[in-house]
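Next comes target_11.txt, a file with compact mmCIF, C-alpha atoms and all ligand atoms.
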```txt
# COMPACT_ATOMS: atom_id res chain seq x y z
CA MET W 9 4.89 -16.80 8.48
CA LYS W 10 6.73 -13.60 9.22
CA PHE W 11 8.34 -13.08 5.79
CA ILE W 12 7.55 -13.76 2.16
CA LYS W 13 10.38 -14.26 -0.31
CA LEU W 14 10.19 -12.17 -3.48
CA SER W 15 10.67 -14.40 -6.50
CA GLN W 16 13.32 -12.63 -8.57
CA THR W 17 15.61 -11.22 -5.89
CA ASP W 18 14.99 -13.55 -2.92
CA ALA W 19 14.41 -10.43 -0.78
CA LEU W 20 12.48 -11.17 2.40
CA MET W 21 9.42 -8.99 2.79
CA PRO W 22 7.90 -8.88 6.30
CA THR W 23 4.25 -9.93 6.12
CA VAL W 24 3.19 -7.10 8.42
CA GLY W 25 4.24 -3.57 7.60
CA LEU W 26 3.29 -0.26 9.08
CA GLY W 27 0.96 1.68 6.78
CA THR W 28 1.40 5.45 6.99
CA TRP W 29 -1.31 6.95 4.77
CA GLN W 30 -3.04 9.83 6.53
CA ALA W 31 -0.47 9.94 9.31
CA GLU W 32 0.59 13.54 9.94
CA PRO W 33 4.40 13.91 9.93
CA ASP W 34 4.73 15.33 13.47
CA VAL W 35 2.53 12.55 14.88
CA LEU W 36 4.18 9.90 12.73
CA GLN W 37 7.84 10.59 13.51
CA PRO W 38 7.79 9.30 17.12
CA VAL W 39 5.36 6.54 16.10
CA ILE W 40 7.85 5.18 13.56
CA TYR W 41 10.54 5.05 16.24
CA GLU W 42 8.12 3.34 18.62
CA ALA W 43 7.06 0.86 15.94
CA LEU W 44 10.71 -0.03 15.26
CA GLU W 45 11.21 -0.54 18.99
CA LEU W 46 8.18 -2.86 19.02
CA GLY W 47 9.69 -4.93 16.21
CA TYR W 48 8.23 -3.50 12.99
CA ARG W 49 10.77 -3.83 10.19
CA HIS W 50 8.57 -2.92 7.22
CA ILE W 51 7.32 0.61 6.58
CA ASP W 52 5.05 1.58 3.70
CA THR W 53 4.90 5.17 2.51
CA ALA W 54 4.47 7.19 -0.71
CA PHE W 55 5.42 10.57 -2.12
CA ASN W 56 1.73 11.46 -1.91
CA TYR W 57 1.53 10.81 1.84
CA ASN W 58 3.80 13.80 2.53
CA ASN W 59 5.53 12.02 5.38
CA GLU W 60 8.72 10.55 3.89
CA GLU W 61 10.85 13.15 5.67
CA ALA W 62 9.40 12.25 9.08
CA ILE W 63 10.01 8.57 8.40
CA GLY W 64 13.58 9.33 7.30
CA ASN W 65 14.22 11.27 10.52
CA ALA W 66 12.86 8.50 12.72
CA VAL W 67 14.79 5.76 10.91
CA LYS W 68 18.01 7.80 11.06
CA LYS W 69 17.59 8.34 14.80
CA TRP W 70 16.91 4.62 15.33
CA ILE W 71 20.07 3.72 13.41
CA ASP W 72 22.15 6.48 15.08
CA ASP W 73 20.95 5.25 18.49
CA GLY W 74 22.50 1.89 17.64
CA LYS W 75 19.17 0.03 17.62
CA GLY W 76 19.72 -1.56 14.23
CA VAL W 77 21.06 -1.06 10.72
CA ARG W 78 19.45 -0.07 7.44
CA SER W 79 19.55 -3.62 6.09
CA ASP W 80 17.26 -4.73 8.94
CA LEU W 81 14.48 -2.69 7.36
CA PHE W 82 12.15 -3.07 4.39
CA ILE W 83 11.09 0.37 3.18
CA THR W 84 8.50 0.80 0.43
CA THR W 85 7.63 4.02 -1.31
CA LYS W 86 5.81 4.96 -4.51
CA LEU W 87 6.18 7.01 -7.68
CA PRO W 88 3.34 9.56 -7.57
CA HIS W 89 0.66 10.22 -10.19
CA VAL W 90 2.36 13.56 -11.03
CA GLY W 91 5.64 11.76 -11.73
CA ASN W 92 4.22 8.85 -13.69
CA ARG W 93 6.38 9.25 -16.78
CA ALA W 94 9.86 8.04 -17.74
CA SER W 95 11.32 11.55 -17.80
CA ASP W 96 10.31 12.20 -14.15
CA VAL W 97 11.26 8.90 -12.52
CA GLU W 98 14.79 9.89 -11.46
CA LYS W 99 13.72 13.32 -10.25
CA PHE W 100 11.07 11.90 -7.90
CA LEU W 101 13.04 8.86 -6.79
CA ASN W 102 16.10 10.93 -5.90
CA LEU W 103 14.01 13.40 -3.95
CA GLN W 104 12.29 10.55 -2.10
CA LEU W 105 15.61 8.88 -1.25
CA LYS W 106 16.84 12.20 0.10
CA ARG W 107 13.70 12.66 2.21
CA LEU W 108 13.94 9.10 3.51
CA GLN W 109 17.69 9.58 4.15
CA THR W 110 18.49 6.28 2.53
CA ALA W 111 20.67 5.15 -0.37
CA TYR W 112 18.01 2.74 -1.67
CA VAL W 113 14.43 1.64 -1.19
CA ASP W 114 13.57 -2.03 -0.77
CA LEU W 115 10.47 -1.68 -2.92
CA TYR W 116 9.36 1.06 -5.31
CA LEU W 117 5.82 0.93 -6.71
CA ILE W 118 4.14 2.92 -9.44
CA HIS W 119 1.39 4.29 -7.19
CA VAL W 120 -1.45 4.45 -9.73
CA PRO W 121 -1.62 3.56 -13.42
CA PHE W 122 -2.79 7.01 -14.55
CA GLY W 123 -0.80 10.24 -14.64
CA PHE W 124 -1.56 13.88 -13.98
CA ASN W 125 0.29 16.89 -15.36
CA CYS W 126 2.68 18.22 -12.77
CA ASP W 127 3.12 21.74 -11.47
CA HIS W 128 6.89 21.47 -11.21
CA THR W 129 7.16 24.24 -8.62
CA THR W 130 4.90 22.61 -6.04
CA LEU W 131 5.11 19.01 -7.34
CA THR W 132 1.31 18.82 -7.16
CA PRO W 133 -1.23 18.09 -9.93
CA LYS W 134 -2.36 20.87 -12.19
CA VAL W 135 -6.08 21.49 -11.76
CA ASP W 136 -8.21 23.48 -14.23
CA ALA W 137 -10.71 26.23 -13.37
CA ASP W 138 -13.53 23.66 -12.93
CA GLY W 139 -11.54 21.64 -10.41
CA ASN W 140 -10.72 18.88 -12.93
CA TYR W 141 -7.29 17.32 -12.67
CA GLU W 142 -5.22 17.89 -15.83
CA LEU W 143 -4.72 14.39 -17.18
CA ASP W 144 -1.44 13.39 -18.78
CA MET W 145 -2.83 11.39 -21.69
CA GLU W 146 0.66 10.19 -22.68
CA THR W 147 1.12 7.80 -19.74
CA ASP W 148 3.34 4.99 -21.03
CA HIS W 149 3.84 2.20 -18.51
CA ILE W 150 6.45 0.35 -20.55
CA ALA W 151 8.69 3.42 -20.90
CA THR W 152 8.33 4.25 -17.21
CA TRP W 153 9.10 0.67 -16.23
CA LYS W 154 12.28 0.66 -18.37
CA LYS W 155 13.50 3.72 -16.50
CA LEU W 156 12.65 2.07 -13.18
CA GLU W 157 14.65 -0.99 -14.24
CA ASP W 158 17.64 1.30 -14.88
CA CYS W 159 17.25 2.61 -11.32
CA GLN W 160 17.17 -0.96 -10.02
CA LYS W 161 20.34 -1.74 -12.01
CA SER W 162 22.09 1.26 -10.48
CA GLY W 163 21.13 0.11 -6.96
CA LEU W 164 18.63 2.81 -5.98
CA ILE W 165 15.76 0.29 -5.92
CA ARG W 166 15.95 -3.32 -4.71
CA ASN W 167 12.53 -4.48 -6.00
CA LEU W 168 9.89 -3.07 -8.30
CA GLY W 169 6.14 -3.33 -8.12
CA LEU W 170 2.78 -1.82 -8.96
CA SER W 171 -0.17 -0.45 -7.06
CA ASN W 172 -3.79 -0.07 -8.13
CA PHE W 173 -3.11 -1.60 -11.57
CA ASN W 174 -5.62 -3.98 -13.14
CA GLU W 175 -4.70 -7.37 -14.58
CA ALA W 176 -4.36 -6.21 -18.21
CA GLN W 177 -2.08 -3.36 -17.16
CA ILE W 178 0.11 -5.67 -15.09
CA GLN W 179 0.28 -8.21 -17.89
CA ALA W 180 1.48 -5.59 -20.41
CA ILE W 181 4.37 -4.67 -18.13
CA TRP W 182 5.06 -8.29 -17.29
CA GLU W 183 5.53 -9.17 -20.96
CA SER W 184 8.09 -6.45 -21.62
CA ALA W 185 9.92 -6.46 -18.29
CA THR W 186 13.38 -7.78 -17.49
CA PHE W 187 12.78 -7.12 -13.79
CA LYS W 188 9.27 -8.44 -13.31
CA PRO W 189 6.80 -6.76 -10.96
CA GLN W 190 7.47 -8.44 -7.59
CA VAL W 191 4.59 -6.97 -5.62
CA LEU W 192 1.10 -5.65 -6.33
CA GLN W 193 -0.40 -3.41 -3.67
CA VAL W 194 -4.17 -3.07 -3.86
CA GLU W 195 -7.17 -2.46 -1.63
CA LEU W 196 -8.01 -5.82 -0.05
CA HIS W 197 -10.05 -6.74 3.01
CA ALA W 198 -12.82 -9.11 4.10
CA TYR W 199 -15.46 -7.27 2.05
CA PHE W 200 -13.26 -6.92 -1.04
CA GLN W 201 -11.13 -10.02 -1.47
CA GLN W 202 -10.00 -9.64 -5.12
CA GLN W 203 -9.76 -13.39 -5.68
CA GLU W 204 -9.33 -13.20 -9.49
CA LEU W 205 -6.56 -10.65 -9.33
CA ARG W 206 -4.89 -12.68 -6.57
CA ASN W 207 -5.02 -15.81 -8.72
CA TYR W 208 -3.30 -13.92 -11.52
CA CYS W 209 -0.62 -12.76 -9.07
CA THR W 210 -0.05 -16.27 -7.72
CA GLU W 211 0.42 -17.57 -11.27
CA HIS W 212 3.01 -14.85 -11.91
CA ASP W 213 4.86 -15.07 -8.56
CA ILE W 214 3.71 -11.58 -7.60
CA VAL W 215 3.25 -11.01 -3.87
CA VAL W 216 0.04 -9.16 -3.00
CA THR W 217 0.01 -6.43 -0.37
CA ALA W 218 -3.36 -5.48 1.10
CA TYR W 219 -3.98 -1.83 1.79
CA ALA W 220 -6.96 -0.84 3.93
CA PRO W 221 -6.91 -4.37 5.47
CA LEU W 222 -9.19 -3.12 8.27
CA GLY W 223 -11.46 -1.23 5.87
CA SER W 224 -9.75 2.10 6.59
CA PRO W 225 -12.01 3.17 9.49
CA GLY W 226 -9.85 6.26 10.11
CA ALA W 227 -10.40 7.64 6.59
CA LYS W 228 -14.19 7.67 6.89
CA SER W 229 -14.75 11.14 8.36
CA HIS W 230 -12.23 12.72 5.96
CA PHE W 231 -13.91 11.20 2.90
CA VAL W 232 -17.42 11.95 4.13
CA ASN W 233 -16.62 15.58 4.99
CA LYS W 234 -14.22 16.47 2.20
CA TYR W 235 -15.38 14.32 -0.72
CA LYS W 236 -19.04 13.88 0.30
CA TYR W 237 -18.74 10.09 0.33
CA SER W 238 -21.76 8.30 1.70
CA PRO W 239 -20.77 6.99 5.18
CA GLY W 240 -22.02 3.53 4.14
CA VAL W 241 -19.09 3.18 1.69
CA PHE W 242 -16.85 2.57 4.70
CA PRO W 243 -17.68 -0.79 6.27
CA ASP W 244 -17.35 -1.40 9.98
CA LEU W 245 -15.43 -4.63 9.58
CA LEU W 246 -14.45 -4.72 13.24
CA THR W 247 -18.04 -5.39 14.32
CA VAL W 248 -19.03 -7.97 11.68
CA PRO W 249 -20.54 -10.89 13.71
CA GLU W 250 -18.43 -13.60 12.01
CA VAL W 251 -15.26 -11.63 12.76
CA VAL W 252 -16.28 -11.05 16.38
CA THR W 253 -17.18 -14.75 16.86
CA ILE W 254 -13.82 -15.96 15.54
CA ALA W 255 -12.03 -13.31 17.63
CA LYS W 256 -13.70 -14.65 20.78
CA LYS W 257 -12.81 -18.23 19.84
CA PHE W 258 -9.09 -17.44 19.62
CA GLY W 259 -8.96 -14.77 22.34
CA LYS W 260 -7.89 -12.19 19.73
CA THR W 261 -9.29 -8.82 18.70
CA PRO W 262 -11.43 -8.42 15.56
CA ALA W 263 -8.59 -6.44 13.95
CA GLN W 264 -6.17 -9.32 14.57
CA ILE W 265 -8.63 -11.74 12.95
CA LEU W 266 -9.04 -9.52 9.88
CA LEU W 267 -5.25 -9.23 9.50
CA HIS W 268 -4.52 -12.88 10.25
CA PHE W 269 -7.15 -13.92 7.68
CA LEU W 270 -5.02 -12.25 4.99
CA VAL W 271 -1.58 -13.23 6.29
CA GLN W 272 -2.69 -16.88 6.51
CA GLN W 273 -3.36 -16.62 2.76
CA LYS W 274 0.19 -15.30 2.12
CA ILE W 275 -0.96 -11.71 1.70
CA VAL W 276 1.15 -8.91 3.16
CA VAL W 277 -0.80 -6.43 5.31
CA ILE W 278 0.04 -2.81 6.07
CA PRO W 279 -2.40 -1.62 8.75
CA LYS W 280 -1.85 1.96 9.78
CA SER W 281 -1.89 2.86 13.44
CA THR W 282 -0.47 5.64 15.54
CA ASN W 283 -1.55 4.05 18.82
CA LYS W 284 0.95 1.93 20.78
CA GLU W 285 -1.44 -0.85 21.88
CA ARG W 286 -2.87 -1.21 18.39
CA LEU W 287 0.60 -1.14 16.81
CA GLN W 288 1.58 -3.99 19.08
CA ALA W 289 -1.64 -5.94 18.53
CA ASN W 290 -1.40 -5.63 14.74
CA MET W 291 1.93 -7.50 14.78
CA ASP W 292 0.78 -10.20 17.13
CA LEU W 293 -0.70 -12.50 14.50
CA TYR W 294 1.49 -15.54 14.39
CA ASP W 295 0.62 -17.64 17.45
CA PHE W 296 -2.59 -19.16 16.13
CA GLU W 297 -3.96 -20.79 13.00
CA MET W 298 -7.55 -20.54 11.85
CA THR W 299 -9.33 -23.69 10.67
CA GLN W 300 -10.63 -23.96 7.13
CA ASP W 301 -14.15 -23.52 8.56
CA ASP W 302 -13.13 -20.21 10.16
CA MET W 303 -11.50 -19.13 6.91
CA ASN W 304 -14.61 -20.10 4.92
CA LEU W 305 -16.80 -17.97 7.19
CA LEU W 306 -14.65 -14.96 6.34
CA ILE W 307 -14.26 -15.84 2.66
CA ARG W 308 -18.07 -15.74 2.41
CA LEU W 309 -18.07 -12.08 3.56
CA ASP W 310 -16.66 -10.97 0.19
CA LYS W 311 -18.92 -8.48 -1.60
CA GLY W 312 -16.91 -8.38 -4.84
CA GLU W 313 -16.76 -4.98 -6.61
CA LYS W 314 -19.45 -3.65 -4.25
CA GLY W 315 -16.91 -3.93 -1.44
CA ARG W 316 -14.42 -1.55 -3.05
CA ILE W 317 -13.96 1.66 -1.06
CA PHE W 318 -11.31 3.50 -3.06
CA ASN W 319 -11.95 4.17 -6.75
CA PHE W 320 -10.07 7.51 -7.03
CA LEU W 321 -13.11 9.33 -8.40
CA PHE W 322 -12.43 11.96 -5.72
CA TRP W 323 -9.80 13.17 -8.23
CA LYS W 324 -12.27 14.94 -10.45
CA GLY W 325 -12.12 13.71 -14.06
CA VAL W 326 -9.72 10.80 -13.44
CA GLU W 327 -12.11 8.26 -15.00
CA ASN W 328 -11.40 9.92 -18.37
CA HIS W 329 -7.75 8.93 -18.26
CA PRO W 330 -6.99 6.11 -20.75
CA GLU W 331 -5.30 4.13 -17.97
CA TYR W 332 -8.00 4.58 -15.32
CA PRO W 333 -7.92 1.02 -13.96
CA PHE W 334 -11.36 0.25 -12.62
CA LYS W 335 -13.31 -0.14 -15.85
CA GLU W 336 -12.38 -1.73 -19.13
CA VAL W 337 -9.14 0.00 -20.05
CA LYS W 338 -9.43 2.10 -23.21
CA LYS W 339 -6.41 1.55 -25.44
P1 LIG W 401 -5.32 4.36 14.92
O1 LIG W 401 -4.18 4.97 14.14
O2 LIG W 401 -5.93 5.31 15.89
O3 LIG W 401 -4.94 3.03 15.54
P2 LIG W 401 -6.41 0.68 7.47
O4 LIG W 401 -5.01 0.22 7.70
O5 LIG W 401 -7.39 -0.37 7.06
O6 LIG W 401 -6.48 1.89 6.58
O7 LIG W 401 -6.96 1.17 8.91
C1 LIG W 401 -6.29 2.15 9.62
C2 LIG W 401 -7.24 2.69 10.65
O8 LIG W 401 -7.62 1.64 11.56
C3 LIG W 401 -6.66 3.79 11.48
O9 LIG W 401 -7.65 4.76 11.65
C4 LIG W 401 -6.33 3.14 12.82
O10 LIG W 401 -6.51 4.04 13.86
C5 LIG W 401 -7.32 2.01 12.90
N1 LIG W 401 -6.71 0.83 13.52
C6 LIG W 401 -5.48 0.35 13.32
N2 LIG W 401 -5.27 -0.77 14.03
C7 LIG W 401 -6.42 -1.01 14.70
C8 LIG W 401 -6.84 -2.01 15.62
N3 LIG W 401 -6.01 -2.99 15.98
N4 LIG W 401 -8.10 -1.94 16.10
C9 LIG W 401 -8.93 -0.95 15.74
N5 LIG W 401 -8.60 0.04 14.89
C10 LIG W 401 -7.36 0.01 14.36
```
Would it be possible to restate this file's structure as structure tokens?
Amino acid sequence: MKFIKLSQTDALMPTVGLGTWQAEPDVLQPVIYEALELGYRHIDTAFNYNNEEAIGNAVKKWIDDGKGVRSDLFITTKLPHVGNRASDVEKFLNLQLKRLQTAYVDLYLIHVPFGFNCDHTTLTPKVDADGNYELDMETDHIATWKKLEDCQKSGLIRNLGLSNFNEAQIQAIWESATFKPQVLQVELHAYFQQQELRNYCTEHDIVVTAYAPLGSPGAKSHFVNKYKYSPGVFPDLLTVPEVVTIAKKFGKTPAQILLHFLVQQKIVVIPKSTNKERLQANMDLYDFEMTQDDMNLLIRLDKGEKGRIFNFLFWKGVENHPEYPFKEVKK
């Protein structure tokens, strides 16, 4: 299954997209072009990744070279934590469209449910003398969503969605929305399968996109060095015996098994790679079908909450925000 249809707009979302978090712009620009040449048609980025301009340059070159047209592509980007308020939506979206050199994005997500005060000169969060992020306690999802709906009406956004929201937060938006959330992007991999949240999404026709589908092996050294994460927080999913056994059975790599496991369950995956062989391999998922026994072996790897890698506590003080998603939400 190479595409999933989004329920309200019938847009076709490719089930494999290229993730771009932690890809440096000068490395990423030629990689995007290469990925498009290999057949990628779905690119996932965010204001916070600081690489929208590089993606825009690569896509423009690909189109100018006559390789394809804008409507062949599915481009996702995200409203940042510093812009998470109705009054900032248009400012950020317009800047992002300019950086991406496109008239519209196929999917625009609110990146995280909480908001930080913005230094409007640098467009970065304000941080106090103790290193705490200045929380914007006024975050109002319903007001922000209404503004996003206006942007969809005016054609700047084709589909709206959420990222890193919990079920109660999604439900509150769902109830008030005219344009319902079409996609939820969350951390999801063999050790953190989010079955309850996925059930909710299925019931509400929300497509789930898995970030860190390989367990984000490339982020490990950064998080251990910069944020003093314990190395054990990052699992080595590629060497898990069950994954290796199934890979051997199908003549695939462990990464392909981890990705196929999700795609076979109608989950969109956005593995990041800047390496040509791995880019190619990560798309090559559709010529085999795992049996229910294979699937069950992988389903049993789930560690529930213990499997979560990314909780955003590296943003000092974020757990005090009323919309911090990973505990009971204070209202
Ligand atoms: P690289 O860019 O050198 O290929 P995730 O998407 O879970 O965050 O994982 C991304 C990380 O996984 C990157 O560090 C990437 O490194 C690595 N990676 C991507 N594809 C593969 C693959 N097929 N096999 C092994 N590692 C991979």
Neighbourhood query: residues within 7 Å of (-2.9, 19.8, -11.4), file coordinates, counting all atoms listed in the file; return as a list in words. Phe124, Asn125, Cys126, Asp127, Thr132, Pro133, Lys134, Val135, Tyr141 and Glu142 of chain W
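The gap separating CA of Pro243 (chain W) from CA of Glu313 (chain W) is 13.6 Å, in Å to one decimal.
Among the candidates W:Ile254, W:Cys159, W:Val277, W:Val77, the one nearest to Lys99 (chain W) when counting all atoms listed in the file is W:Cys159.
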Determine, counting all atoms listed in the file, which protein, DNA and RNA residues have an atom within 9 Å of an atom of region 69-75 of chain W; residues of the same chain fewer than 4 positions away are not included. Present the result as a PDB file with C-alpha atoms, keeping the file's coordinate frame.
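Written file, selection06.pdb:
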```pdb
ATOM      1  CA  TYR W  41      10.540   5.050  16.240  1.00  0.00           C
ATOM      2  CA  LEU W  44      10.710  -0.030  15.260  1.00  0.00           C
ATOM      3  CA  GLU W  45      11.210  -0.540  18.990  1.00  0.00           C
ATOM      4  CA  GLY W  64      13.580   9.330   7.300  1.00  0.00           C
ATOM      5  CA  ASN W  65      14.220  11.270  10.520  1.00  0.00           C
TER       6      ASN W  65
END
```
Taking only C-alpha atoms and all ligand atoms into account, report as a VMD selection string which residues have an atom no farther than 7 Å from an atom of ligand LIG 401 (chain W). chain W and resid 27 219 to 227 263 to 264 278 to 283 286 to 287 289 to 290
Which neighbours of Tyr57 (chain W) fall inside 8 Å, counting only C-alpha atoms, when residues of the same chain fewer than 4 positions from it are skipped, and could you give them as a PyMOL selection string? chain W and resi 28-31+53
Thr210 (chain W): which residues within 12 Å, counting only C-alpha atoms, same-chain residues fewer than 3 positions away excluded, as a compact mmCIF listing (two decimals) with C-alpha atoms, in the frame of the given file?
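Printed below is part.txt as written:
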```
# COMPACT_ATOMS: atom_id res chain seq x y z
CA LEU W 14 10.19 -12.17 -3.48
CA SER W 15 10.67 -14.40 -6.50
CA GLN W 190 7.47 -8.44 -7.59
CA VAL W 191 4.59 -6.97 -5.62
CA LEU W 192 1.10 -5.65 -6.33
CA GLN W 203 -9.76 -13.39 -5.68
CA GLU W 204 -9.33 -13.20 -9.49
CA LEU W 205 -6.56 -10.65 -9.33
CA ARG W 206 -4.89 -12.68 -6.57
CA ASN W 207 -5.02 -15.81 -8.72
CA ASP W 213 4.86 -15.07 -8.56
CA ILE W 214 3.71 -11.58 -7.60
CA VAL W 215 3.25 -11.01 -3.87
CA VAL W 216 0.04 -9.16 -3.00
CA GLN W 273 -3.36 -16.62 2.76
CA LYS W 274 0.19 -15.30 2.12
CA ILE W 275 -0.96 -11.71 1.70
```
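With distances restricted to all atoms listed in the file, W:Ile265 is the closest residue to Val252 (chain W) from W:Gly123, W:Glu98, W:Ile307, W:Ile265.
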Find the axis-aligned box for region 279-296 of chain W, covering all its listed atoms and adding 4 Å on each side, and write its centre and edge lengths in Å to one decimal as lines of an AutoDock Vina configuration file.
```
center_x = -0.5
center_y = -6.8
center_z = 15.3
size_x = 12.8
size_y = 32.8
size_z = 21.1
```
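Minimum atom-to-atom distance to Met9 (chain W), evaluated using all atoms listed in the file, belongs to W:Thr23 out of W:Thr253, W:Leu309, W:Thr23, W:Tyr112.
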Leaving out Leu170 (chain W) and any residue of its chain fewer than 6 positions from it, which residues lie within 8 Å of it when counting only C-alpha atoms, given as a list in words?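 My list of contacting residues is Leu117, Ile118, His119, Val120, Ile178, Pro189, Val191, Leu192 and Gln193 of chain W.
Among W:Gly139, W:Pro262, W:Pro239, W:Gly47, the residue with the shortest atom-to-atom distance to Gly325 (chain W), counting all atoms listed in the file, is W:Gly139.
Nearest residue to Trp323 (chain W) among W:Leu168, W:Ala62, W:Leu143, W:Val232 is W:Leu143, counting only C-alpha atoms.
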Show me as a ChimeraX atom specification the residues that reach within 12 Å of (16.4, -6.0, -20.6), counting only C-alpha atoms and using the file's own coordinates. /W:150,153-158,160-161,183-188
Name the residues in contact with Pro333 (chain W) at a cut-off of 7 Å, using all atoms listed in the file, excluding same-chain residues fewer than 5 positions from it; report them as a list in words.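 Neighbouring residues, sequence-local ones excluded: Pro121, Phe173 and Asn174 of chain W.
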So how many Å separate CA of Glu195 (chain W) and CA of Gly163 (chain W), to one decimal? 28.9 Å
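The shortest atom-to-atom distance to Lys106 (chain W), with all atoms listed in the file taken into account, belongs to W:Lys68 out of W:Ile40, W:Lys68, W:Ile181, W:Glu297.
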Quick one: pull the distance between CA of Gln201 (chain W) and CA of Lys10 (chain W), Å, one decimal.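 Computing it gives 21.1 Å between the two atoms.
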Restricted to N, CA and C atoms, what does region 316-336 of chain W look like when written out as a PDB file, in the first residue's frame?
```
ATOM      1  N   ARG W 316       8.992   4.909  25.404  1.00  0.00           N
ATOM      2  CA  ARG W 316       9.036   6.275  24.850  1.00  0.00           C
ATOM      3  C   ARG W 316      10.453   6.845  24.975  1.00  0.00           C
ATOM      4  N   ILE W 317      10.948   7.422  23.887  1.00  0.00           N
ATOM      5  CA  ILE W 317      12.267   8.062  23.917  1.00  0.00           C
ATOM      6  C   ILE W 317      12.120   9.563  24.162  1.00  0.00           C
ATOM      7  N   PHE W 318      11.172  10.173  23.447  1.00  0.00           N
ATOM      8  CA  PHE W 318      11.111  11.643  23.426  1.00  0.00           C
ATOM      9  C   PHE W 318       9.962  12.158  24.288  1.00  0.00           C
ATOM     10  N   ASN W 319      10.322  12.818  25.400  1.00  0.00           N
ATOM     11  CA  ASN W 319       9.282  13.375  26.277  1.00  0.00           C
ATOM     12  C   ASN W 319       9.396  14.894  26.410  1.00  0.00           C
ATOM     13  N   PHE W 320      10.349  15.490  25.693  1.00  0.00           N
ATOM     14  CA  PHE W 320      10.535  16.949  25.636  1.00  0.00           C
ATOM     15  C   PHE W 320      11.037  17.577  26.934  1.00  0.00           C
ATOM     16  N   LEU W 321      11.411  16.732  27.898  1.00  0.00           N
ATOM     17  CA  LEU W 321      11.893  17.317  29.161  1.00  0.00           C
ATOM     18  C   LEU W 321      13.260  17.977  28.984  1.00  0.00           C
ATOM     19  N   PHE W 322      13.876  17.776  27.812  1.00  0.00           N
ATOM     20  CA  PHE W 322      15.128  18.493  27.530  1.00  0.00           C
ATOM     21  C   PHE W 322      14.868  19.992  27.398  1.00  0.00           C
ATOM     22  N   TRP W 323      13.599  20.402  27.175  1.00  0.00           N
ATOM     23  CA  TRP W 323      13.248  21.816  27.240  1.00  0.00           C
ATOM     24  C   TRP W 323      12.908  22.114  28.702  1.00  0.00           C
ATOM     25  N   LYS W 324      13.872  22.659  29.379  1.00  0.00           N
ATOM     26  CA  LYS W 324      13.777  22.799  30.837  1.00  0.00           C
ATOM     27  C   LYS W 324      12.483  23.512  31.259  1.00  0.00           C
ATOM     28  N   GLY W 325      11.712  22.881  32.101  1.00  0.00           N
ATOM     29  CA  GLY W 325      10.503  23.491  32.653  1.00  0.00           C
ATOM     30  C   GLY W 325       9.234  23.173  31.872  1.00  0.00           C
ATOM     31  N   VAL W 326       9.355  22.488  30.734  1.00  0.00           N
ATOM     32  CA  VAL W 326       8.182  22.297  29.861  1.00  0.00           C
ATOM     33  C   VAL W 326       7.059  21.521  30.548  1.00  0.00           C
ATOM     34  N   GLU W 327       7.426  20.649  31.508  1.00  0.00           N
ATOM     35  CA  GLU W 327       6.379  19.833  32.159  1.00  0.00           C
ATOM     36  C   GLU W 327       5.424  20.696  32.989  1.00  0.00           C
ATOM     37  N   ASN W 328       5.801  21.971  33.214  1.00  0.00           N
ATOM     38  CA  ASN W 328       4.905  22.863  33.965  1.00  0.00           C
ATOM     39  C   ASN W 328       3.887  23.571  33.072  1.00  0.00           C
ATOM     40  N   HIS W 329       3.986  23.341  31.775  1.00  0.00           N
ATOM     41  CA  HIS W 329       3.003  23.965  30.885  1.00  0.00           C
ATOM     42  C   HIS W 329       1.670  23.233  31.028  1.00  0.00           C
ATOM     43  N   PRO W 330       0.538  23.990  31.062  1.00  0.00           N
ATOM     44  CA  PRO W 330      -0.762  23.311  31.253  1.00  0.00           C
ATOM     45  C   PRO W 330      -1.098  22.321  30.145  1.00  0.00           C
ATOM     46  N   GLU W 331      -0.478  22.465  28.979  1.00  0.00           N
ATOM     47  CA  GLU W 331      -0.768  21.532  27.882  1.00  0.00           C
ATOM     48  C   GLU W 331       0.371  20.544  27.640  1.00  0.00           C
ATOM     49  N   TYR W 332       1.283  20.396  28.606  1.00  0.00           N
ATOM     50  CA  TYR W 332       2.304  19.346  28.466  1.00  0.00           C
ATOM     51  C   TYR W 332       1.554  18.009  28.304  1.00  0.00           C
ATOM     52  N   PRO W 333       1.838  17.253  27.232  1.00  0.00           N
ATOM     53  CA  PRO W 333       0.917  16.161  26.887  1.00  0.00           C
ATOM     54  C   PRO W 333       1.124  14.830  27.590  1.00  0.00           C
ATOM     55  N   PHE W 334       2.281  14.614  28.193  1.00  0.00           N
ATOM     56  CA  PHE W 334       2.595  13.252  28.604  1.00  0.00           C
ATOM     57  C   PHE W 334       2.365  12.985  30.090  1.00  0.00           C
ATOM     58  N   LYS W 335       1.389  13.647  30.655  1.00  0.00           N
ATOM     59  CA  LYS W 335       0.877  13.314  31.978  1.00  0.00           C
ATOM     60  C   LYS W 335      -0.572  13.774  31.911  1.00  0.00           C
ATOM     61  N   GLU W 336      -1.323  13.551  32.972  1.00  0.00           N
ATOM     62  CA  GLU W 336      -2.701  14.001  32.935  1.00  0.00           C
ATOM     63  C   GLU W 336      -2.701  15.500  32.690  1.00  0.00           C
TER      64      GLU W 336
END
```
